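K.L.:
What follows is protein23.cif; its format and atoms are mmCIF, C-alpha atoms.
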data_query
#
loop_
_atom_site.label_atom_id
_atom_site.label_comp_id
_atom_site.auth_asym_id
_atom_site.auth_seq_id
_atom_site.Cartn_x
_atom_site.Cartn_y
_atom_site.Cartn_z
CA MET A 114 11.83 -5.60 2.58
CA ASN A 115 15.31 -4.35 3.14
CA ARG A 116 16.78 -7.80 3.51
CA SER A 117 19.25 -6.99 0.78
CA THR A 118 19.85 -4.06 -1.48
CA GLU A 119 21.68 -6.13 -4.03
CA THR A 120 20.32 -5.67 -7.54
CA LEU A 121 19.18 -8.86 -9.20
CA VAL A 122 17.82 -7.45 -12.46
CA ARG A 123 19.34 -4.39 -14.07
CA ALA A 124 18.10 -3.09 -17.39
CA ARG A 125 19.37 0.01 -19.17
CA GLY A 126 17.79 1.52 -22.25
CA LEU A 127 15.82 -1.64 -22.90
CA ARG A 128 14.18 -1.56 -26.34
CA ARG A 129 12.11 -3.94 -28.40
CA GLU A 130 10.86 -2.85 -31.80
CA TYR A 131 8.72 -4.66 -34.29
CA GLY A 132 8.38 -3.85 -37.97
CA ARG A 133 10.21 -1.04 -39.68
CA GLY A 134 9.74 2.32 -41.36
CA GLU A 135 6.18 3.59 -41.20
CA SER A 136 4.93 0.53 -39.34
CA LEU A 137 7.64 0.56 -36.69
CA ILE A 138 6.25 -0.27 -33.26
CA ARG A 139 8.27 0.39 -30.16
CA ALA A 140 6.78 -2.16 -27.77
CA VAL A 141 9.37 -1.35 -25.14
CA ASP A 142 10.94 2.04 -25.57
CA ASP A 143 14.13 2.85 -23.67
CA VAL A 144 13.23 1.42 -20.28
CA ASP A 145 15.53 1.42 -17.25
CA LEU A 146 14.71 -0.98 -14.46
CA ASP A 147 16.41 -2.19 -11.31
CA VAL A 148 14.89 -4.96 -9.26
CA ALA A 149 16.47 -5.62 -5.87
CA THR A 150 16.96 -9.14 -4.58
CA GLY A 151 13.88 -10.15 -2.60
CA GLU A 152 11.70 -7.44 -4.07
CA THR A 153 8.23 -7.95 -5.52
CA VAL A 154 7.60 -5.59 -8.42
CA ALA A 155 4.29 -5.32 -10.26
CA VAL A 156 4.05 -3.75 -13.72
CA MET A 157 0.57 -2.58 -14.67
CA GLY A 158 -0.83 -1.05 -17.76
CA PRO A 159 -3.47 -1.46 -20.45
CA SER A 160 -3.28 -4.24 -23.02
CA GLY A 161 -0.63 -3.50 -25.59
CA CYS A 162 1.39 -1.19 -23.33
CA GLY A 163 4.42 -3.45 -23.65
CA LYS A 164 4.39 -5.04 -20.22
CA SER A 165 4.39 -8.64 -21.45
CA THR A 166 7.13 -7.85 -23.95
CA LEU A 167 9.15 -6.34 -21.11
CA LEU A 168 8.73 -9.52 -19.09
CA HIS A 169 9.76 -11.66 -22.05
CA LEU A 170 12.88 -9.53 -22.54
CA ILE A 171 13.86 -9.84 -18.88
CA GLY A 172 13.29 -13.58 -19.02
CA GLY A 173 15.30 -14.10 -22.19
CA LEU A 174 12.24 -15.34 -24.08
CA ASP A 175 12.64 -12.50 -26.56
CA ARG A 176 15.67 -10.64 -27.86
CA LEU A 177 16.38 -6.95 -27.27
CA THR A 178 16.46 -4.51 -30.14
CA GLY A 179 18.67 -2.32 -28.00
CA GLY A 180 19.88 -1.72 -24.49
CA GLU A 181 21.65 -3.77 -21.88
CA LEU A 182 20.42 -6.38 -19.45
CA TRP A 183 22.10 -7.92 -16.44
CA LEU A 184 20.95 -10.72 -14.22
CA ALA A 185 22.86 -10.92 -10.95
CA ASP A 186 25.79 -8.97 -12.42
CA ARG A 187 25.96 -11.13 -15.50
CA ARG A 188 25.37 -9.44 -18.83
CA VAL A 189 22.74 -11.58 -20.50
CA ASP A 190 21.66 -9.74 -23.65
CA ARG A 191 24.69 -10.98 -25.56
CA LEU A 192 24.46 -14.63 -24.58
CA SER A 193 24.21 -17.33 -27.24
CA GLU A 194 20.86 -19.08 -27.67
CA ARG A 195 22.25 -22.07 -25.87
CA ALA A 196 23.60 -20.13 -22.91
CA LEU A 197 20.31 -18.23 -22.75
CA ALA A 198 18.30 -21.47 -22.66
CA GLU A 199 20.49 -22.66 -19.82
CA LEU A 200 19.97 -19.40 -17.96
CA ARG A 201 16.19 -19.57 -18.39
CA CYS A 202 16.16 -23.10 -17.09
CA ARG A 203 18.25 -22.53 -13.95
CA GLN A 204 17.90 -18.89 -13.01
CA ILE A 205 14.37 -17.94 -13.87
CA GLY A 206 10.97 -19.40 -13.11
CA PHE A 207 8.03 -18.54 -15.34
CA VAL A 208 4.34 -18.40 -14.47
CA PHE A 209 1.82 -17.70 -17.24
CA GLN A 210 -1.83 -16.75 -17.38
CA ALA A 211 -2.82 -19.98 -19.14
CA PHE A 212 -0.66 -22.12 -16.82
CA GLN A 213 1.15 -23.87 -19.74
CA LEU A 214 1.19 -27.26 -18.07
CA MET A 215 1.73 -30.41 -20.11
CA ASP A 216 -1.74 -31.97 -20.33
CA GLU A 217 -0.54 -35.56 -20.55
CA LEU A 218 1.74 -35.33 -17.50
CA THR A 219 0.64 -35.51 -13.87
CA ALA A 220 1.07 -32.54 -11.57
CA GLN A 221 4.18 -34.13 -10.13
CA GLU A 222 5.67 -34.88 -13.56
CA ASN A 223 5.03 -31.32 -14.64
CA VAL A 224 6.91 -30.02 -11.62
CA GLU A 225 9.76 -32.51 -12.15
CA LEU A 226 10.30 -31.56 -15.74
CA PRO A 227 12.48 -28.44 -15.36
CA ALA A 228 14.73 -30.24 -12.88
CA LEU A 229 15.14 -33.15 -15.28
CA LEU A 230 15.91 -30.74 -18.12
CA ALA A 231 18.54 -29.14 -15.90
CA GLY A 232 20.20 -32.53 -15.54
CA GLN A 233 19.04 -33.54 -12.07
CA SER A 234 18.68 -37.23 -11.29
CA PRO A 235 15.10 -38.52 -11.56
CA ARG A 236 15.10 -39.37 -7.89
CA ARG A 237 16.13 -35.89 -6.81
CA ALA A 238 13.74 -34.29 -9.25
CA ARG A 239 10.92 -36.40 -7.83
CA ARG A 240 11.76 -35.57 -4.24
CA ARG A 241 11.96 -31.88 -5.05
CA ALA A 242 8.65 -31.99 -6.94
CA LEU A 243 6.88 -33.54 -3.97
CA GLU A 244 8.37 -30.94 -1.64
CA LEU A 245 7.17 -28.17 -3.90
CA LEU A 246 3.69 -29.60 -4.28
CA GLU A 247 3.48 -29.76 -0.52
CA ARG A 248 4.56 -26.15 -0.35
CA VAL A 249 1.72 -25.08 -2.62
CA GLY A 250 -0.72 -27.27 -0.69
CA LEU A 251 -1.25 -29.87 -3.41
CA GLU A 252 0.65 -32.91 -2.15
CA ASP A 253 -2.55 -34.93 -2.41
CA ARG A 254 -2.93 -33.99 -6.08
CA ALA A 255 0.51 -35.16 -7.21
CA ARG A 256 -0.84 -37.92 -9.45
CA HIS A 257 -3.63 -35.90 -10.99
CA LEU A 258 -3.56 -34.70 -14.57
CA PRO A 259 -4.04 -30.95 -15.12
CA ALA A 260 -7.53 -31.61 -16.52
CA GLU A 261 -8.50 -33.05 -13.14
CA LEU A 262 -7.50 -29.89 -11.30
CA SER A 263 -9.26 -26.55 -10.86
CA GLY A 264 -7.80 -23.41 -12.42
CA GLY A 265 -6.39 -22.28 -9.10
CA GLN A 266 -4.81 -25.67 -8.49
CA ARG A 267 -3.29 -25.68 -11.96
CA GLN A 268 -1.75 -22.30 -11.35
CA ARG A 269 -0.33 -23.52 -8.06
CA VAL A 270 1.21 -26.50 -9.89
CA ALA A 271 2.67 -24.02 -12.39
CA ILE A 272 4.10 -21.97 -9.53
CA ALA A 273 5.61 -25.13 -8.01
CA ARG A 274 7.11 -25.93 -11.41
CA SER A 275 8.59 -22.44 -11.68
CA LEU A 276 10.53 -23.18 -8.47
CA ALA A 277 11.86 -26.59 -9.50
CA ASN A 278 15.43 -25.40 -10.02
CA ASP A 279 15.39 -22.93 -7.14
CA PRO A 280 15.66 -19.86 -9.35
CA PRO A 281 16.37 -16.54 -7.64
CA LEU A 282 13.87 -14.84 -9.94
CA VAL A 283 10.28 -15.67 -10.86
CA LEU A 284 8.52 -13.82 -13.68
CA ALA A 285 4.73 -14.00 -13.83
CA ASP A 286 2.52 -12.84 -16.69
CA GLU A 287 -1.11 -12.23 -15.59
CA PRO A 288 -0.95 -15.12 -13.12
CA THR A 289 -4.48 -14.48 -11.86
CA GLY A 290 -5.96 -13.58 -15.23
CA ASN A 291 -7.94 -16.83 -15.47
CA LEU A 292 -8.78 -17.27 -11.80
CA ASP A 293 -11.81 -16.60 -9.63
CA SER A 294 -11.46 -14.62 -6.44
CA THR A 295 -10.79 -17.57 -4.12
CA ALA A 296 -8.09 -18.96 -6.40
CA THR A 297 -6.63 -15.46 -6.76
CA LEU A 298 -6.38 -15.23 -2.98
CA GLU A 299 -4.55 -18.55 -2.89
CA VAL A 300 -2.05 -17.39 -5.49
CA LEU A 301 -1.55 -14.11 -3.61
CA ARG A 302 -0.94 -16.00 -0.37
CA LEU A 303 1.57 -18.18 -2.13
CA PHE A 304 3.40 -15.19 -3.61
CA GLN A 305 3.45 -13.63 -0.17
CA ALA A 306 4.98 -16.78 1.32
CA LEU A 307 7.59 -16.88 -1.46
CA HIS A 308 8.32 -13.21 -0.92
CA GLU A 309 9.03 -14.01 2.72
CA THR A 310 11.58 -16.64 1.70
CA GLY A 311 13.49 -13.94 -0.20
CA LEU A 312 12.41 -14.80 -3.73
CA THR A 313 12.46 -11.96 -6.26
CA LEU A 314 9.22 -11.62 -8.17
CA VAL A 315 8.28 -9.53 -11.18
CA VAL A 316 4.60 -9.68 -12.12
CA VAL A 317 2.90 -8.00 -15.03
CA THR A 318 -0.81 -7.74 -14.49
CA HIS A 319 -4.13 -6.03 -14.95
CA ASP A 320 -5.13 -7.15 -11.49
CA GLU A 321 -5.07 -4.33 -8.93
CA ARG A 322 -5.07 -6.94 -6.17
CA ILE A 323 -1.62 -8.18 -7.16
CA ALA A 324 -0.39 -4.68 -7.80
CA ALA A 325 -1.52 -3.58 -4.35
CA THR A 326 0.34 -6.37 -2.59
CA ALA A 327 3.66 -5.72 -4.36
CA ASP A 328 6.50 -3.68 -2.83
CA ARG A 329 6.64 -1.47 -5.87
CA LEU A 330 4.20 -0.72 -8.61
CA ILE A 331 5.24 0.51 -12.03
CA SER A 332 2.69 1.86 -14.50
CA MET A 333 3.47 1.41 -18.16
CA ARG A 334 1.95 3.14 -21.21
CA ASP A 335 3.02 2.92 -24.83
CA GLY A 336 6.26 1.14 -24.01
CA VAL A 337 7.49 3.50 -21.30
CA PHE A 338 7.21 3.72 -17.53
CA VAL A 339 4.93 6.60 -16.60
CA ASP A 340 4.65 6.21 -12.85
CA GLU A 341 6.24 4.38 -10.00
CA THR A 342 4.78 3.92 -6.53
CA ARG A 343 6.10 2.34 -3.38
CA LEU A 344 3.16 0.93 -1.53
CA THR A 345 4.88 0.04 1.68
CA GLY A 346 3.80 2.34 4.49
CA GLY A 347 0.30 2.70 5.79
CA THR A 348 -2.78 4.70 4.96
CA GLY A 349 -4.25 7.43 7.07
CA GLY A 350 -6.78 5.22 8.80
CA SER A 351 -7.71 1.75 9.95
CA LEU A 352 -9.72 -0.75 7.95
CA ALA A 353 -12.92 0.04 9.82
CA ASP A 354 -12.45 3.75 9.10
CA PHE A 355 -12.32 3.56 5.39
CA VAL A 356 -15.23 1.22 4.97
CA GLY A 357 -17.42 3.51 7.05
CA LEU A 358 -17.98 1.13 9.92
CA ARG A 359 -16.63 3.36 12.62
CA GLY A 360 -18.97 5.28 14.86
CA GLU A 361 -21.22 8.33 14.13
CA MET B 334 -23.16 1.63 14.31
CA GLN B 335 -26.60 1.52 12.83
CA GLN B 336 -29.30 0.63 15.34
CA GLU B 337 -30.90 -1.94 13.05
CA VAL B 338 -27.65 -3.89 12.89
CA VAL B 339 -27.63 -4.36 16.66
CA LEU B 340 -31.31 -5.16 16.60
CA ALA B 341 -30.88 -7.80 13.90
CA MET B 342 -27.95 -9.41 15.73
CA LEU B 343 -30.33 -9.89 18.63
CA ALA B 344 -32.92 -11.67 16.48
CA LYS B 345 -31.21 -15.06 16.79
CA GLU B 346 -31.85 -15.38 20.54
CA PRO B 347 -31.97 -13.25 23.70
CA SER B 348 -28.40 -12.17 24.29
CA GLN B 349 -26.15 -10.09 26.46
CA GLY B 350 -24.12 -7.25 25.02
CA TYR B 351 -20.90 -9.21 24.88
CA GLN B 352 -22.61 -11.96 22.87
CA LEU B 353 -23.73 -9.42 20.29
CA ARG B 354 -20.20 -8.12 20.18
CA ALA B 355 -18.91 -11.66 19.53
CA ARG B 356 -21.43 -12.13 16.71
CA LEU B 357 -20.34 -8.87 15.09
CA ASP B 358 -16.69 -9.82 15.44
CA GLN B 359 -17.35 -13.14 13.78
CA ALA B 360 -19.10 -11.49 10.83
CA LEU B 361 -16.70 -8.57 10.45
CA GLY B 362 -13.30 -10.07 11.31
CA PRO B 363 -10.62 -7.38 11.30
CA LEU B 364 -13.20 -4.79 10.27
CA GLY B 365 -14.91 -5.18 13.63
CA GLU B 366 -11.92 -3.84 15.50
CA GLY B 367 -13.25 -0.32 15.34
CA ILE B 368 -16.39 -1.19 17.25
CA ASN B 369 -16.26 -0.87 21.01
CA ALA B 370 -18.50 -2.56 23.50
CA GLY B 371 -19.66 0.84 24.78
CA GLN B 372 -21.24 1.65 21.42
CA ILE B 373 -23.26 -1.54 21.56
CA TYR B 374 -24.58 -0.79 25.06
CA VAL B 375 -25.44 2.79 24.11
CA THR B 376 -27.33 1.50 21.09
CA LEU B 377 -29.14 -1.12 23.17
CA GLY B 378 -30.17 1.65 25.60
CA ARG B 379 -31.65 3.66 22.74
CA LEU B 380 -33.44 0.64 21.35
CA GLU B 381 -34.88 -0.07 24.78
CA LYS B 382 -36.19 3.47 25.06
CA ALA B 383 -37.74 3.17 21.62
CA GLY B 384 -39.50 -0.01 22.69
CA PHE B 385 -37.66 -2.32 20.28
CA VAL B 386 -35.87 -4.35 22.95
CA ALA B 387 -36.56 -5.28 26.55
CA ARG B 388 -34.45 -6.77 29.31
CA GLU B 389 -35.10 -10.25 30.52
CA GLY B 390 -34.77 -11.58 34.02
CA ALA B 391 -35.35 -10.43 37.58
CA ALA B 392 -35.04 -6.77 38.46
CA THR B 393 -32.61 -7.57 41.24
CA GLU B 394 -29.91 -8.83 38.91
CA GLU B 395 -27.13 -6.55 37.88
CA ALA B 396 -28.21 -4.56 34.85
CA ASP B 397 -25.32 -5.54 32.56
CA ARG B 398 -25.77 -9.27 33.28
CA LYS B 399 -29.24 -9.28 31.84
CA ALA B 400 -30.05 -10.56 28.41
CA TYR B 401 -31.74 -8.29 25.92
CA VAL B 402 -34.67 -9.61 23.96
CA LEU B 403 -36.56 -8.27 20.94
CA THR B 404 -40.06 -6.94 21.55
CA SER B 405 -42.68 -7.57 18.90
CA ALA B 406 -42.10 -4.03 17.61
CA GLY B 407 -38.40 -4.90 17.42
CA GLN B 408 -39.16 -8.09 15.56
CA GLU B 409 -41.23 -6.12 13.08
CA ARG B 410 -38.51 -3.53 12.62
CA VAL B 411 -35.92 -6.23 11.89
CA THR B 412 -38.12 -7.82 9.24
CA GLU B 413 -38.73 -4.42 7.69
CA TRP B 414 -35.02 -3.63 7.70
CA LEU B 415 -34.10 -6.95 6.09
CA ASN B 416 -36.47 -6.21 3.23
CA GLU B 417 -35.44 -2.61 2.68
CA VAL B 418 -33.49 -2.07 -0.50
CA SER B 419 -30.73 0.35 0.32
CA TRP B 420 -27.22 0.58 -0.92
CA PRO B 421 -24.34 2.87 0.03
CA ARG B 422 -23.89 5.58 -2.57
CA PRO B 423 -20.41 5.98 -3.93
CA ASP B 424 -19.70 9.69 -3.92
CA LEU B 425 -17.78 10.12 -7.13
CA ALA B 426 -19.30 13.45 -8.10
CA GLU B 427 -17.27 15.37 -5.55
CA PHE B 428 -14.00 13.98 -6.82
CA HIS B 429 -15.07 14.50 -10.43
CA LEU B 430 -15.89 18.15 -9.75
CA LYS B 431 -12.57 18.57 -8.01
CA LEU B 432 -10.82 17.62 -11.25
CA VAL B 433 -13.05 19.86 -13.35
CA ALA B 434 -12.54 22.83 -11.01
CA ALA B 435 -8.79 22.32 -10.82
CA ALA B 436 -8.51 22.29 -14.60
CA GLN B 437 -10.87 25.20 -15.22
CA ALA B 438 -9.28 27.50 -12.66
CA GLY B 439 -5.76 26.37 -13.42
CA LEU B 440 -5.36 25.78 -9.68
CA GLY B 441 -4.00 22.31 -9.85
CA ASP B 442 -3.07 19.50 -12.17
CA PRO B 443 -5.98 17.04 -12.49
CA ILE B 444 -3.55 14.24 -13.29
CA ALA B 445 -1.54 14.87 -10.13
CA ILE B 446 -4.79 14.85 -8.15
CA VAL B 447 -5.77 11.54 -9.74
CA ASP B 448 -2.33 10.09 -9.00
CA ALA B 449 -2.49 11.05 -5.35
CA GLN B 450 -5.94 9.51 -5.03
CA ARG B 451 -4.83 6.39 -6.84
CA ARG B 452 -1.96 5.87 -4.45
CA GLU B 453 -4.23 6.22 -1.46
CA LEU B 454 -6.71 3.71 -2.89
CA LEU B 455 -3.90 1.28 -3.68
CA ARG B 456 -2.70 1.52 -0.10
CA ARG B 457 -6.21 0.82 1.13
CA LEU B 458 -6.51 -2.06 -1.27
CA ARG B 459 -3.22 -3.38 0.04
CA GLU B 460 -4.48 -3.35 3.61
CA VAL B 461 -7.83 -4.89 2.75
CA GLN B 462 -6.17 -7.50 0.55
CA ARG B 463 -3.75 -8.40 3.34
CA ALA B 464 -6.67 -8.78 5.73
CA ALA B 465 -8.46 -10.96 3.15
CA MET B 466 -5.36 -13.14 2.77
CA ASP B 467 -5.38 -13.75 6.53
CA GLU B 468 -8.98 -14.98 6.52
CA PRO B 469 -9.70 -18.67 5.99
CA ASN B 470 -11.49 -19.41 2.71
CA GLY B 471 -15.23 -19.05 3.01
CA SER B 472 -15.36 -17.03 6.24
CA ASP B 473 -18.03 -14.38 6.77
CA ALA B 474 -15.42 -11.68 7.18
CA GLY B 475 -13.62 -12.89 4.03
CA LEU B 476 -16.78 -12.37 2.02
CA LEU B 477 -17.15 -8.81 3.27
CA LEU B 478 -13.49 -8.11 2.53
CA GLU B 479 -13.98 -9.42 -0.99
CA GLY B 480 -16.77 -6.90 -1.49
CA ILE B 481 -14.52 -4.09 -0.32
CA VAL B 482 -11.72 -5.30 -2.61
CA LEU B 483 -14.07 -5.31 -5.59
CA ARG B 484 -15.29 -1.78 -4.87
CA LEU B 485 -11.75 -0.50 -4.55
CA GLN B 486 -10.88 -2.19 -7.84
CA ALA B 487 -13.82 -0.50 -9.51
CA ASP B 488 -12.76 2.88 -8.11
CA LEU B 489 -9.19 2.31 -9.30
CA ARG B 490 -10.47 1.51 -12.80
CA TRP B 491 -12.48 4.67 -12.85
CA LEU B 492 -9.40 6.65 -11.77
CA GLU B 493 -7.56 5.05 -14.66
CA ALA B 494 -10.26 6.32 -17.00
CA CYS B 495 -9.94 9.79 -15.40
CA GLU B 496 -6.21 9.75 -15.93
CA ARG B 497 -6.57 8.70 -19.55
CA THR B 498 -9.12 11.36 -20.32
CA TRP B 499 -7.28 14.20 -18.62
CA THR B 500 -4.01 13.15 -20.23
CA ASP B 501 -5.63 13.23 -23.67
CA ARG B 502 -7.16 16.63 -22.98
CA ARG B 503 -3.82 18.04 -21.99
CA ARG B 504 -2.24 16.66 -25.15
CA ASN B 505 -4.90 18.14 -27.37
CA ARG B 506 -4.94 21.54 -25.80
#
Could you write out this file's structure as structure tokens?

P.N.:
Amino acid sequence: MNRSTETLVRARGLRREYGRGESLIRAVDDVDLDVATGETVAVMGPSGCGKSTLLHLIGGLDRLTGGELWLADRRVDRLSERALAELRCRQIGFVFQAFQLMDELTAQENVELPALLAGQSPRRARRRALELLERVGLEDRARHLPAELSGGQRQRVAIARSLANDPPLVLADEPTGNLDSTATLEVLRLFQALHETGLTLVVVTHDERIAATADRLISMRDGVFVDETRLTGGTGGSLADFVGLRGE
Amino acid sequence: MQQEVVLAMLAKEPSQGYQLRARLDQALGPLGEGINAGQIYVTLGRLEKAGFVAREGAATEEADRKAYVLTSAGQERVTEWLNEVSWPRPDLAEFHLKLVAAAQAGLGDPIAIVDAQRRELLRRLREVQRAAMDEPNGSDAGLLLEGIVLRLQADLRWLEACERTWTDRRRNR
């Protein structure tokens, strides 16, 4: 998508270390990253490669050991805890592998929550929640508790919740990790629809299916980026060609 | 197009070529786009010669308006085909040997070869995944596309293992 070339996320020399001395671990080791507005970026790599830590750093869920981070031209790595919490609430949506819904709240209440925390009136928060549930195809499940929903439906509620405050950026950590193939397809369709509305999406994943549908794929090993691929642009052949259905 | 596929599509009821085409389209979705009607008629002609199908109806009718029907030999062949255990062989040995040869002869970088292959498979996966996303849940074509997605995922995982191994070998050299 070349809707805009504006940079939404800019990271320079991003570092996160744990421990010290002999046991020092560089989970994220001097990473530079630019994510353009409207872009979908997938970060892939084996467990422990630092991809989740990277996502947490970008989302302000974890503090940098070193480096600089900007979100929409605002330097965010030096913000106070309070300002950071505010930023997370309004500017960033989060989607997690285990959904992280509140079990005792209905789907609708879960989706309302971030808007209420951001100071919206209950009425507006409710209206917005219903809109979002409709958008993810779950308007008829608004009053259900998470336990009454399938995994795929729960993840769609979580995606609706991530959009409650209209954030420009959504960060997703293994969003299809707990889903079967049908539910994965639904999440991918939803991401595609969000992509078309101009949302910026960064996904860390093991799932090649997500990686393949992103605009850009970054491979990460031992805390560093080792490869970057743009997947836009076609293959040599048509679908029928590369599954061996065509002629003889 | 394998002859048995056309034969089996005919097993439901006597049909004209375009009806077989429609059945294939239904089952294959976007993957059926590569099949042209001509191929189906050529195959039907061969099957007729082999005695597996016959044409119904009066001899005065136009040839391409006539329905094809399975003969008893055709029926038998379909049953046999359905019970055959065959599976497409993934040809990984060729690619594997390519990496070995490149490394042994110093002709190329195995890791670069793996990377190029990985990109191509990711692009294919992207196209297949897009096609799968366009299918309604539970469609015949969607199920086939899922199978193709899973195979591509398996191939990509193997390429990852190749990359890991060749990277380690280079480090330890």

K.L.:
Would you translate the PyMOL selection byres ((chain B) within 7 of (chain A)) into the concrete set of residues it matches in this file, as number ranges by chain?

P.N.:
B: 334, 364-368, 453, 455-459, 461-462, 466, 486

K.L.:
Please evaluate the PyMOL selection byres ((chain A and resi 150) around 8) against the structure above and give the resulting residues as a list in words.

P.N.:
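What the PyMOL selection byres ((chain A and resi 150) around 8) grabs from the file is Ser117, Thr118, Glu119, Thr120, Leu121, Val148, Ala149, Gly151, Glu152, Gly311, Leu312 and Thr313 of chain A.
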
K.L.:
The PyMOL selection byres ((chain B and resi 428) around 12) - which residues does that actually catch in the file I just gave you? List them as number ranges by chain.

P.N.:
B: 423-427, 429-435, 443, 446-447, 449-451, 488, 491-492, 495

K.L.:
Would you mind reading off the distance between CA of Arg269 (chain A) and CA of Met215 (chain A), one decimal, in Å?

P.N.:
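Here the two named atoms are 14.0 Å from each other.
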
K.L.:
Could you jot down the CA of Leu251 (chain A) to CA of Glu479 (chain B) separation for me, Å, one decimal place?

P.N.:
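The value is 24.2 Å.
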
K.L.:
Please determine the residues with any atom at most 8 Å from (8.5, 6.5, -27.7) (coordinates as given in the file, with only C-alpha atoms counting) and report them as a VMD selection string.

P.N.:
chain A and resid 139 142 to 143 335 to 337

K.L.:
A:Ala140, A:Leu174, A:Leu245, A:Val283: which is nearest Glu199 (chain A), counting only C-alpha atoms?

P.N.:
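Among the listed residues, the smallest separation from Glu199 (chain A) belongs to A:Leu174.
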